[in-house]
$ cat final_39.cif   # mmCIF, C-alpha atoms (C1' of nucleotides)
data_upload
#
loop_
_atom_site.label_atom_id
_atom_site.label_comp_id
_atom_site.auth_asym_id
_atom_site.auth_seq_id
_atom_site.Cartn_x
_atom_site.Cartn_y
_atom_site.Cartn_z
CA MET A 1 -150.69 88.66 -59.75
CA LYS A 2 -147.19 88.32 -60.49
CA LEU A 3 -147.02 85.59 -62.95
CA VAL A 4 -144.20 83.75 -64.35
CA ASP A 5 -140.95 84.99 -65.65
CA GLY A 6 -141.19 85.29 -69.34
CA LYS A 7 -138.67 82.66 -70.12
CA THR A 8 -139.46 80.60 -73.10
CA ILE A 9 -140.10 77.01 -72.69
CA SER A 10 -137.32 75.42 -74.57
CA THR A 11 -137.90 71.79 -74.38
CA PRO A 12 -134.71 70.06 -75.07
CA LEU A 13 -134.90 67.41 -77.19
CA GLU A 14 -133.86 64.10 -78.30
CA ASN A 15 -134.73 61.48 -75.78
CA SER A 16 -138.17 60.25 -76.64
CA SER A 17 -137.89 56.63 -75.80
CA GLN A 18 -138.54 57.10 -72.12
CA ALA A 19 -141.84 57.97 -70.65
CA ASN A 20 -141.33 61.57 -69.79
CA GLY A 21 -139.57 61.08 -66.55
CA SER A 22 -136.84 63.32 -67.76
CA GLU A 23 -136.95 66.06 -70.26
CA ALA A 24 -138.42 65.08 -73.59
CA GLU A 25 -140.83 66.39 -76.11
CA ILE A 26 -143.96 67.33 -74.34
CA ASP A 27 -147.32 67.16 -76.03
CA PHE A 28 -149.28 70.31 -75.32
CA ASP A 29 -152.54 68.73 -76.39
CA ILE A 30 -155.24 71.34 -77.00
CA LEU A 31 -153.58 74.09 -74.98
CA PRO A 32 -152.24 75.91 -78.05
CA THR A 33 -155.77 76.16 -79.45
CA LEU A 34 -157.15 77.89 -76.38
CA ILE A 35 -157.56 81.62 -76.21
CA GLY A 36 -157.35 81.48 -72.45
CA TYR A 37 -153.96 79.82 -72.58
CA HIS A 38 -152.43 82.39 -74.90
CA LEU A 39 -154.07 85.19 -73.02
CA ARG A 40 -152.42 84.06 -69.84
CA ARG A 41 -149.01 83.71 -71.44
CA ALA A 42 -149.20 87.11 -73.10
CA GLN A 43 -150.28 88.65 -69.84
CA ILE A 44 -147.33 87.15 -68.05
CA THR A 45 -144.95 88.60 -70.58
CA VAL A 46 -146.53 92.03 -70.51
CA PHE A 47 -146.83 92.22 -66.74
CA ASN A 48 -143.21 91.27 -66.21
CA ASP A 49 -141.98 93.75 -68.78
CA PHE A 50 -144.05 96.50 -67.22
CA VAL A 51 -142.81 95.84 -63.71
CA LYS A 52 -139.23 95.60 -64.87
CA MET A 53 -139.35 98.78 -66.94
CA MET A 54 -141.06 100.76 -64.20
CA SER A 55 -138.85 99.40 -61.45
CA GLU A 56 -137.37 102.80 -60.77
CA VAL A 57 -140.84 104.10 -60.01
CA GLN A 58 -142.10 100.94 -58.34
CA ILE A 59 -145.56 100.79 -59.78
CA THR A 60 -147.71 97.95 -61.08
CA PRO A 61 -149.94 98.06 -64.14
CA GLY A 62 -153.04 98.11 -61.99
CA GLN A 63 -151.83 100.98 -59.86
CA PHE A 64 -150.83 102.94 -62.95
CA GLY A 65 -154.27 102.54 -64.50
CA VAL A 66 -156.00 103.74 -61.38
CA ALA A 67 -153.65 106.65 -60.84
CA LEU A 68 -154.02 107.68 -64.47
CA LEU A 69 -157.81 107.77 -64.21
CA ILE A 70 -157.62 109.88 -61.07
CA ASN A 71 -155.18 112.18 -62.79
CA THR A 72 -157.54 112.69 -65.70
CA ASN A 73 -160.76 112.62 -63.70
CA PRO A 74 -160.05 114.18 -60.33
CA GLY A 75 -162.83 113.77 -57.83
CA LEU A 76 -163.80 110.24 -58.82
CA THR A 77 -165.09 107.99 -56.09
CA GLN A 78 -163.65 104.57 -55.37
CA SER A 79 -166.79 102.86 -56.54
CA ALA A 80 -166.88 104.71 -59.84
CA LEU A 81 -163.24 103.85 -60.32
CA ALA A 82 -163.85 100.20 -59.55
CA ARG A 83 -166.70 100.02 -62.03
CA THR A 84 -164.61 101.74 -64.63
CA VAL A 85 -161.72 99.32 -64.48
CA GLY A 86 -163.97 96.35 -63.86
CA ILE A 87 -163.02 95.24 -60.36
CA GLU A 88 -164.90 95.08 -57.09
CA ARG A 89 -165.12 97.96 -54.66
CA SER A 90 -163.49 95.82 -52.01
CA THR A 91 -160.53 95.22 -54.27
CA MET A 92 -160.16 98.90 -55.00
CA VAL A 93 -159.68 99.68 -51.32
CA ALA A 94 -156.26 98.05 -51.26
CA VAL A 95 -155.20 99.74 -54.48
CA ILE A 96 -156.05 103.18 -53.14
CA ASP A 97 -154.52 102.30 -49.78
CA ALA A 98 -151.23 101.52 -51.49
CA LEU A 99 -151.24 104.74 -53.50
CA GLU A 100 -152.27 106.79 -50.50
CA THR A 101 -149.58 105.29 -48.29
CA ARG A 102 -147.01 106.40 -50.82
CA GLY A 103 -148.43 109.89 -50.85
CA LEU A 104 -149.60 109.73 -54.45
CA VAL A 105 -153.35 109.87 -53.87
CA GLU A 106 -155.47 111.81 -51.42
CA ARG A 107 -158.87 110.77 -50.10
CA ARG A 108 -160.81 113.99 -49.74
CA PRO A 109 -164.31 114.16 -48.39
CA SER A 110 -166.81 114.36 -51.19
CA PRO A 111 -168.61 117.68 -51.11
CA VAL A 112 -171.82 116.04 -52.20
CA ASP A 113 -171.89 112.63 -50.56
CA ARG A 114 -170.67 111.90 -47.09
CA ARG A 115 -170.41 108.20 -47.81
CA SER A 116 -167.70 108.59 -50.38
CA TYR A 117 -164.34 110.17 -51.06
CA ALA A 118 -163.29 112.45 -53.85
CA LEU A 119 -160.00 111.03 -55.02
CA VAL A 120 -157.27 113.31 -56.27
CA LEU A 121 -153.61 112.92 -57.02
CA SER A 122 -151.10 114.78 -54.95
CA GLU A 123 -148.52 117.00 -56.58
CA GLN A 124 -146.18 114.08 -56.38
CA GLY A 125 -148.77 111.79 -57.91
CA ASN A 126 -149.32 114.08 -60.87
CA ASP A 127 -145.60 114.41 -61.41
CA MET A 128 -145.24 110.65 -61.38
CA ILE A 129 -147.94 110.21 -64.00
CA GLU A 130 -146.26 112.68 -66.30
CA ARG A 131 -142.96 110.96 -65.82
CA LEU A 132 -144.55 107.59 -66.50
CA ARG A 133 -146.31 108.50 -69.72
CA PRO A 134 -143.27 108.19 -71.97
CA MET A 135 -142.13 105.11 -70.09
CA VAL A 136 -145.46 103.41 -70.64
CA ALA A 137 -145.34 104.31 -74.31
CA ALA A 138 -141.90 102.73 -74.55
CA HIS A 139 -143.15 99.66 -72.74
CA GLU A 140 -146.02 99.32 -75.19
CA ASP A 141 -143.66 99.57 -78.13
CA ARG A 142 -141.51 96.91 -76.60
CA ILE A 143 -144.25 94.37 -76.07
CA ALA A 144 -145.65 95.08 -79.52
CA LYS A 145 -142.30 94.88 -81.21
CA ASN A 146 -143.40 91.85 -83.27
CA LEU A 147 -146.63 93.50 -84.36
CA SER A 148 -147.32 95.89 -87.20
CA ALA A 149 -149.40 98.96 -86.52
CA ASP A 150 -152.38 97.23 -88.06
CA GLU A 151 -151.90 94.11 -86.01
CA ARG A 152 -151.60 96.17 -82.88
CA ALA A 153 -154.85 97.96 -83.57
CA GLN A 154 -156.52 94.70 -84.48
CA LEU A 155 -155.35 93.03 -81.27
CA ILE A 156 -156.88 95.78 -79.17
CA ILE A 157 -160.17 95.49 -81.01
CA LEU A 158 -160.27 91.73 -80.51
CA LEU A 159 -159.36 91.93 -76.84
CA ALA A 160 -162.05 94.52 -76.27
CA LYS A 161 -164.58 92.16 -77.81
CA ILE A 162 -163.55 89.48 -75.35
CA ALA A 163 -163.78 91.74 -72.34
CA ASP A 164 -167.15 93.00 -73.51
CA MET B 1 -172.17 117.64 -66.97
CA LYS B 2 -168.65 116.81 -66.33
CA LEU B 3 -167.39 115.22 -63.28
CA VAL B 4 -165.77 117.32 -60.72
CA ASP B 5 -162.97 118.87 -62.62
CA GLY B 6 -160.07 119.98 -60.60
CA LYS B 7 -158.33 121.97 -63.25
CA THR B 8 -160.75 124.10 -65.07
CA ILE B 9 -164.00 124.91 -63.48
CA SER B 10 -163.92 122.84 -60.40
CA THR B 11 -167.15 123.40 -58.74
CA PRO B 12 -168.07 120.86 -56.21
CA LEU B 13 -171.65 121.84 -56.31
CA GLU B 14 -172.97 121.93 -59.78
CA ASN B 15 -172.91 118.37 -60.83
CA SER B 16 -175.82 116.25 -59.95
CA SER B 17 -173.84 113.99 -57.70
CA GLN B 18 -174.98 111.24 -59.96
CA ALA B 19 -171.71 111.38 -61.73
CA ASN B 20 -170.65 108.07 -60.32
CA GLY B 21 -173.70 105.99 -60.04
CA SER B 22 -174.95 106.79 -63.48
CA GLU B 23 -171.54 106.68 -64.95
CA ALA B 24 -171.01 110.12 -66.27
CA GLU B 25 -168.37 110.64 -68.86
CA ILE B 26 -165.11 109.31 -67.63
CA ASP B 27 -162.04 110.14 -69.61
CA PHE B 28 -160.01 106.98 -70.06
CA ASP B 29 -156.99 108.94 -71.21
CA ILE B 30 -154.52 106.64 -72.94
CA LEU B 31 -155.82 103.42 -71.38
CA PRO B 32 -157.82 102.36 -74.44
CA THR B 33 -154.66 102.55 -76.54
CA LEU B 34 -152.73 100.21 -74.28
CA ILE B 35 -152.41 96.54 -75.08
CA GLY B 36 -151.64 95.77 -71.47
CA TYR B 37 -154.89 97.31 -70.31
CA HIS B 38 -157.03 95.29 -72.68
CA LEU B 39 -155.07 92.15 -71.96
CA ARG B 40 -155.70 92.45 -68.28
CA ARG B 41 -159.41 93.07 -68.72
CA ALA B 42 -159.81 90.18 -71.13
CA GLN B 43 -157.92 87.92 -68.78
CA ILE B 44 -160.20 88.75 -65.87
CA THR B 45 -163.27 88.09 -67.99
CA VAL B 46 -161.96 84.78 -69.26
CA PHE B 47 -160.77 83.57 -65.88
CA ASN B 48 -164.09 84.35 -64.22
CA ASP B 49 -166.04 82.66 -66.99
CA PHE B 50 -163.87 79.57 -66.74
CA VAL B 51 -164.26 79.24 -63.00
CA LYS B 52 -167.99 79.81 -63.21
CA MET B 53 -168.54 77.35 -66.02
CA MET B 54 -166.46 74.66 -64.39
CA SER B 55 -168.01 75.20 -60.98
CA GLU B 56 -169.56 71.76 -60.98
CA VAL B 57 -166.11 70.25 -61.38
CA GLN B 58 -164.34 72.82 -59.24
CA ILE B 59 -161.23 73.34 -61.29
CA THR B 60 -159.21 76.39 -62.23
CA PRO B 61 -157.55 77.15 -65.54
CA GLY B 62 -154.14 76.47 -64.02
CA GLN B 63 -155.17 73.13 -62.57
CA PHE B 64 -156.79 72.14 -65.83
CA GLY B 65 -153.65 72.92 -67.80
CA VAL B 66 -151.47 70.88 -65.47
CA ALA B 67 -153.88 67.94 -65.36
CA LEU B 68 -154.17 68.01 -69.13
CA LEU B 69 -150.41 67.83 -69.54
CA ILE B 70 -150.19 64.90 -67.14
CA ASN B 71 -153.01 63.21 -68.98
CA THR B 72 -151.21 63.54 -72.28
CA ASN B 73 -147.71 63.02 -70.91
CA PRO B 74 -147.93 60.53 -68.07
CA GLY B 75 -144.80 60.13 -66.00
CA LEU B 76 -143.78 63.78 -66.02
CA THR B 77 -141.95 65.07 -62.96
CA GLN B 78 -143.05 68.15 -61.08
CA SER B 79 -139.97 70.05 -62.16
CA ALA B 80 -140.46 69.20 -65.81
CA LEU B 81 -144.07 70.28 -65.55
CA ALA B 82 -143.14 73.51 -63.87
CA ARG B 83 -140.64 74.31 -66.58
CA THR B 84 -143.20 73.51 -69.25
CA VAL B 85 -145.85 75.85 -67.97
CA GLY B 86 -143.27 78.36 -66.85
CA ILE B 87 -143.75 78.47 -63.11
CA GLU B 88 -141.47 77.68 -60.18
CA ARG B 89 -141.13 74.22 -58.72
CA SER B 90 -142.29 75.54 -55.39
CA THR B 91 -145.45 76.86 -56.99
CA MET B 92 -146.12 73.54 -58.65
CA VAL B 93 -146.13 71.76 -55.31
CA ALA B 94 -149.40 73.38 -54.27
CA VAL B 95 -150.98 72.69 -57.63
CA ILE B 96 -150.15 68.98 -57.44
CA ASP B 97 -151.13 68.90 -53.77
CA ALA B 98 -154.58 70.18 -54.66
CA LEU B 99 -155.03 67.66 -57.45
CA GLU B 100 -153.68 64.81 -55.36
CA THR B 101 -155.89 65.63 -52.39
CA ARG B 102 -158.88 65.32 -54.67
CA GLY B 103 -157.66 61.99 -55.93
CA LEU B 104 -157.08 63.17 -59.46
CA VAL B 105 -153.30 62.83 -59.58
CA GLU B 106 -150.95 60.21 -58.18
CA ARG B 107 -147.35 60.76 -57.17
CA ARG B 108 -145.60 57.55 -58.07
CA PRO B 109 -141.98 56.90 -57.35
CA SER B 110 -139.88 57.52 -60.40
CA PRO B 111 -138.25 54.30 -61.59
CA VAL B 112 -135.12 56.17 -62.53
CA ASP B 113 -134.69 58.92 -59.95
CA ARG B 114 -135.45 58.55 -56.29
CA ARG B 115 -135.62 62.30 -55.83
CA SER B 116 -138.62 62.76 -58.05
CA TYR B 117 -142.11 61.53 -58.71
CA ALA B 118 -143.66 60.22 -61.86
CA LEU B 119 -146.98 61.98 -62.08
CA VAL B 120 -149.99 60.20 -63.49
CA LEU B 121 -153.70 60.82 -63.47
CA SER B 122 -155.92 58.43 -61.59
CA GLU B 123 -158.84 56.80 -63.30
CA GLN B 124 -160.94 59.56 -61.87
CA GLY B 125 -158.51 62.17 -63.13
CA ASN B 126 -158.60 60.84 -66.65
CA ASP B 127 -162.37 60.70 -66.56
CA MET B 128 -162.49 64.27 -65.41
CA ILE B 129 -160.26 65.45 -68.25
CA GLU B 130 -162.46 63.74 -70.78
CA ARG B 131 -165.51 65.25 -69.19
CA LEU B 132 -163.87 68.67 -69.17
CA ARG B 133 -162.83 68.71 -72.81
CA PRO B 134 -166.25 69.60 -74.18
CA MET B 135 -166.82 72.00 -71.31
CA VAL B 136 -163.60 73.81 -72.09
CA ALA B 137 -164.58 73.94 -75.75
CA ALA B 138 -167.92 75.46 -74.74
CA HIS B 139 -166.14 77.94 -72.52
CA GLU B 140 -163.91 78.96 -75.42
CA ASP B 141 -166.94 79.45 -77.63
CA ARG B 142 -168.54 81.56 -74.97
CA ILE B 143 -165.65 83.91 -74.48
CA ALA B 144 -165.22 84.17 -78.25
CA LYS B 145 -168.89 84.68 -78.92
CA ASN B 146 -168.26 88.12 -80.40
CA LEU B 147 -165.49 86.86 -82.64
CA SER B 148 -165.68 85.24 -86.04
CA ALA B 149 -163.62 82.12 -86.68
CA ASP B 150 -161.07 84.25 -88.51
CA GLU B 151 -160.85 86.75 -85.71
CA ARG B 152 -160.41 84.00 -83.22
CA ALA B 153 -157.53 82.49 -85.14
CA GLN B 154 -156.05 85.91 -85.64
CA LEU B 155 -156.26 86.69 -81.95
CA ILE B 156 -154.33 83.57 -81.05
CA ILE B 157 -151.63 84.43 -83.57
CA LEU B 158 -151.29 87.95 -82.24
CA LEU B 159 -151.20 86.83 -78.62
CA ALA B 160 -148.50 84.31 -79.43
CA LYS B 161 -146.44 87.09 -80.98
CA ILE B 162 -146.72 89.07 -77.75
CA ALA B 163 -145.70 86.16 -75.59
CA ASP B 164 -142.46 85.66 -77.46
"C1'" DG C 1 -115.04 60.27 -54.24
"C1'" DC C 2 -116.11 65.08 -53.87
"C1'" DG C 3 -118.10 69.05 -55.30
"C1'" DT C 4 -122.08 70.63 -57.56
"C1'" DA C 5 -126.68 70.39 -59.49
"C1'" DT C 6 -131.37 68.95 -59.13
"C1'" DT C 7 -135.81 67.36 -56.78
"C1'" DG C 8 -139.47 68.15 -53.84
"C1'" DT C 9 -140.59 70.71 -49.97
"C1'" DT C 10 -141.48 74.36 -46.49
"C1'" DG C 11 -141.94 79.06 -45.08
"C1'" DG C 12 -142.31 83.83 -45.91
"C1'" DG C 13 -143.55 87.43 -49.13
"C1'" DT C 14 -146.22 90.01 -52.94
"C1'" DA C 15 -150.01 90.96 -56.00
"C1'" DT C 16 -154.56 90.47 -57.36
"C1'" DA C 17 -159.14 89.22 -57.15
"C1'" DC C 18 -163.90 87.77 -55.17
"C1'" DG C 19 -168.02 87.61 -51.96
"C1'" DA C 20 -170.33 88.38 -47.59
"C1'" DA C 21 -171.21 91.23 -43.96
"C1'" DC C 22 -171.22 95.78 -41.48
"C1'" DG C 23 -172.07 100.78 -40.21
"C1'" DT C 24 -173.03 105.00 -42.34
"C1'" DT C 25 -175.38 107.72 -45.52
"C1'" DT C 26 -178.36 108.56 -49.48
"C1'" DT C 27 -182.07 107.51 -52.46
"C1'" DT C 28 -186.45 105.67 -53.51
"C1'" DA C 29 -191.22 104.01 -52.62
"C1'" DG C 30 -195.47 104.28 -50.65
"C1'" DC D 1 -192.52 112.09 -44.64
"C1'" DT D 2 -191.27 108.04 -43.12
"C1'" DA D 3 -189.82 103.24 -44.02
"C1'" DA D 4 -187.38 100.33 -46.97
"C1'" DA D 5 -183.83 99.76 -50.22
"C1'" DA D 6 -179.65 100.94 -52.27
"C1'" DA D 7 -174.97 102.58 -52.41
"C1'" DC D 8 -170.39 103.89 -50.16
"C1'" DG D 9 -166.11 102.39 -48.11
"C1'" DT D 10 -164.37 98.92 -45.21
"C1'" DT D 11 -162.90 94.53 -43.08
"C1'" DC D 12 -162.51 89.66 -43.15
"C1'" DG D 13 -162.08 85.32 -45.11
"C1'" DT D 14 -160.84 82.85 -49.22
"C1'" DA D 15 -158.61 81.88 -53.50
"C1'" DT D 16 -155.23 82.05 -57.30
"C1'" DA D 17 -150.80 82.61 -58.79
"C1'" DC D 18 -146.42 83.83 -58.48
"C1'" DC D 19 -141.49 84.78 -56.24
"C1'" DC D 20 -137.16 83.69 -53.38
"C1'" DA D 21 -134.29 81.40 -49.93
"C1'" DA D 22 -133.22 77.48 -47.63
"C1'" DC D 23 -133.23 72.41 -46.67
"C1'" DA D 24 -132.34 67.07 -46.88
"C1'" DA D 25 -132.03 63.54 -50.07
"C1'" DT D 26 -130.38 62.13 -54.26
"C1'" DA D 27 -127.94 62.26 -58.72
"C1'" DC D 28 -124.24 63.65 -61.73
"C1'" DG D 29 -119.67 65.32 -63.60
"C1'" DC D 30 -115.05 64.61 -63.56
#
$ encode --input "final_39.cif" --output "structure tokens"
Amino acid sequence: MKLVDGKTISTPLENSSQANGSEAEIDFDILPTLIGYHLRRAQITVFNDFVKMMSEVQITPGQFGVALLINTNPGLTQSALARTVGIERSTMVAVIDALETRGLVERRPSPVDRRSYALVLSEQGNDMIERLRPMVAAHEDRIAKNLSADERAQLIILLAKIAD
Amino acid sequence: MKLVDGKTISTPLENSSQANGSEAEIDFDILPTLIGYHLRRAQITVFNDFVKMMSEVQITPGQFGVALLINTNPGLTQSALARTVGIERSTMVAVIDALETRGLVERRPSPVDRRSYALVLSEQGNDMIERLRPMVAAHEDRIAKNLSADERAQLIILLAKIAD
DNA sequence: GCGTATTGTTGGGTATACGAACGTTTTTAG
DNA sequence: CTAAAAACGTTCGTATACCCAACAATACGC
């Protein structure tokens, strides 16, 4: 879901006499009071920064999250992974496909259930995760640059309450 | 009781194979410390709730935002709108197409620029916005049901700081 | 007036997500 | 111990939301 580029909205200015055919002050109505609106804008900013900062590794936030969980919990099944990150099994298929195609993840037969796979990272996949860790930390610092440590912690708590 | 653990003990046999279904302990690693992770999860929750709650009107958050801005700023052009919400002109075309097909938005010739349209809501479009306002308010209350009024205000402030 | 910018549009591409249906396997109920 | 139900991974169809490059028509700067 590549959203928008994080450009700010700069609405130039002075001409208010015309009905807004051209550029004028635009009334945002209730949008600024909506959590959903700010959530979307923040997400756009964060997603774009992530993709840009990880461009040398070519990985998206979603792929990173999945790869990280496999790294830490080798042997997970796709379904367990999907439940964990809160998406559908059918959506997870494409995520794993992408990681497998790049040789980062292996689908091994589960020793206990012939319906499912035991997912593990390849050597290359593990290396990539370790290389990404400091980059992700830097990315987080960047997007939280306007937040104090307290605010940052508070934001996470509040977001978690939204996501249930 | 751990999941299959590739590093230490790694025994495919011992665990009760219920690891997945019953959600054994999954190590989330650094994910819970990442703003981006919580943002994404909250966004999914909010988007799904919005779509579900507005199902009788069949409108998405993006369409609502655009229609709201036209409602409040009649005569806007597609390009001005796109700049305001931060998407590409080419992306806006489909959004307006969808709203126009449903008879909610009209593309009127701009009185001052023959290249562009002056966008306005139809009677039906305006009615829909007014009908949606309380529904959107209810949606916001729903997604913020675990938040106090203070927390809600705080969340918006923090999200705005991220989006800068 | 001529070059350049802008408008709306199309077409192609990427990323992400959902639900329904399917074959295979496992679990559960009776 | 079998019959029904559930779960696994998958495909397909659908939707949202975004990008870029190119185009004809129009507007603007100088």
$ residues_around --input "final_39.cif" --residues "Asp27 in chain B" --least-positions-apart "2" --cutoff "9 Å" --atoms "all atoms listed in the file" --output "PyMOL selection string"
(chain A and resi 69+72-73) or (chain B and resi 25+29-30)
$ interface_residues --input "final_39.cif" --of "chain B" --to "chain D" --cutoff "12 Å" --atoms "all atoms listed in the file" --output "JSON, numbers by chain"
{"B": [18, 20, 21, 22, 44, 47, 48, 51, 59, 60, 61, 62, 63, 86, 87, 88, 89, 90, 91, 92, 94, 95, 112, 113, 114, 115, 116]}
$ residues_near_point --input "final_39.cif" --point "(-146.9, 108.2, -68.5)" --cutoff "12 Å" --atoms "all atoms listed in the file" --output "MDAnalysis selection string"
(chainID A and resid 54 57 59 61 64:65 67:69 71:72 125:140) or (chainID B and resid 29:31 34)
$ closest_atom_pairs --input "final_39.cif" --of "chain C" --to "chain B" --cutoff "12 Å" --atoms "all atoms listed in the file" --output "CSV"
residue,atom,partner,partner_atom,distance
C:DT6,C1',B:Arg115,CA,8.6
C:DT7,C1',B:Arg115,CA,5.2
C:DG8,C1',B:Ser116,CA,6.9
C:DT9,C1',B:Ser90,CA,7.5
C:DT10,C1',B:Ser90,CA,9.0
C:DG11,C1',B:Ser90,CA,10.9
C:DT16,C1',B:Ile44,CA,10.4
C:DA17,C1',B:Ile44,CA,8.8
C:DC18,C1',B:Asn48,CA,9.7
C:DT26,C1',B:Ser17,CA,10.8
C:DT27,C1',B:Gln18,CA,11.0
$ write_last_selection --input "final_39.cif" --atoms "C-alpha atoms (C1' of nucleotides)" --output "PDB file, keeping the file's coordinate frame"
ATOM      1  C1'  DT C   6    -131.370  68.950 -59.130  1.00  0.00           C
ATOM      2  C1'  DT C   7    -135.810  67.360 -56.780  1.00  0.00           C
ATOM      3  C1'  DG C   8    -139.470  68.150 -53.840  1.00  0.00           C
ATOM      4  C1'  DT C   9    -140.590  70.710 -49.970  1.00  0.00           C
ATOM      5  C1'  DT C  10    -141.480  74.360 -46.490  1.00  0.00           C
ATOM      6  C1'  DG C  11    -141.940  79.060 -45.080  1.00  0.00           C
ATOM      7  C1'  DT C  16    -154.560  90.470 -57.360  1.00  0.00           C
ATOM      8  C1'  DA C  17    -159.140  89.220 -57.150  1.00  0.00           C
ATOM      9  C1'  DC C  18    -163.900  87.770 -55.170  1.00  0.00           C
ATOM     10  C1'  DT C  26    -178.360 108.560 -49.480  1.00  0.00           C
ATOM     11  C1'  DT C  27    -182.070 107.510 -52.460  1.00  0.00           C
TER      12       DT C  27
END
$ closest_atom_pairs --input "final_39.cif" --of "chain B" --to "chain A" --cutoff "7 Å" --atoms "only C-alpha atoms" --output "CSV"
residue,atom,partner,partner_atom,distance
B:Val4,CA,A:Gly75,CA,5.4
B:Asp5,CA,A:Pro74,CA,6.0
B:Gly6,CA,A:Pro74,CA,5.8
B:Pro12,CA,A:Pro111,CA,6.0
B:Ser17,CA,A:Val112,CA,6.2
B:Asn20,CA,A:Ala80,CA,5.1
B:Gly21,CA,A:Ala80,CA,6.9
B:Ile26,CA,A:Asn73,CA,6.7
B:Asp27,CA,A:Thr72,CA,6.5
B:Phe28,CA,A:Leu69,CA,6.3
B:Asp29,CA,A:Thr72,CA,6.7
B:Leu34,CA,A:Glu140,CA,6.8
B:Ile35,CA,A:Ile156,CA,6.1
B:Gly36,CA,A:Val46,CA,6.4
B:His38,CA,A:Leu159,CA,5.8
B:Leu39,CA,A:Gln43,CA,6.3
B:Arg40,CA,A:Gln43,CA,6.8
B:Arg41,CA,A:Ala163,CA,5.8
B:Ala42,CA,A:Ala163,CA,4.4
B:Gln43,CA,A:Leu39,CA,6.3
B:Thr45,CA,A:Ala163,CA,5.7
B:Val46,CA,A:Gly36,CA,6.5
B:Leu69,CA,A:Phe28,CA,6.4
B:Thr72,CA,A:Asp27,CA,6.5
B:Asn73,CA,A:Asp27,CA,6.6
B:Pro74,CA,A:Asn20,CA,6.9
B:Gly75,CA,A:Asn20,CA,5.3
B:Leu76,CA,A:Asn20,CA,5.0
B:Thr77,CA,A:Gly21,CA,5.9
B:Ala80,CA,A:Glu23,CA,6.5
B:Arg83,CA,A:Ile9,CA,6.7
B:Thr84,CA,A:Ile9,CA,5.8
B:Gly86,CA,A:Val4,CA,6.0
B:Ile87,CA,A:Val4,CA,5.4
B:Ala118,CA,A:Gly21,CA,6.3
B:Glu140,CA,A:Leu34,CA,6.9
B:Ile143,CA,A:Ile162,CA,6.0
B:Ala144,CA,A:Ile162,CA,6.3
B:Asn146,CA,A:Lys161,CA,6.0
B:Leu155,CA,A:Leu155,CA,6.4
B:Ile156,CA,A:Ile35,CA,6.1
B:Leu158,CA,A:Leu155,CA,6.6
B:Leu159,CA,A:Ala42,CA,5.9
B:Ala160,CA,A:His38,CA,6.3
B:Lys161,CA,A:Asn146,CA,6.1
B:Ile162,CA,A:Ala42,CA,5.6
B:Ala163,CA,A:Ala42,CA,4.4
$ atom_distance --input "final_39.cif" --atom1 "CA of Glu123 in chain A" --atom2 "CA of Ser55 in chain A"
20.7 Å
$ atom_distance --input "final_39.cif" --atom1 "CA of Gln58 in chain A" --atom2 "CA of Arg108 in chain A"
24.4 Å
$ atom_distance --input "final_39.cif" --atom1 "C1' of DG19 in chain C" --atom2 "CA of Asp49 in chain B"
15.9 Å
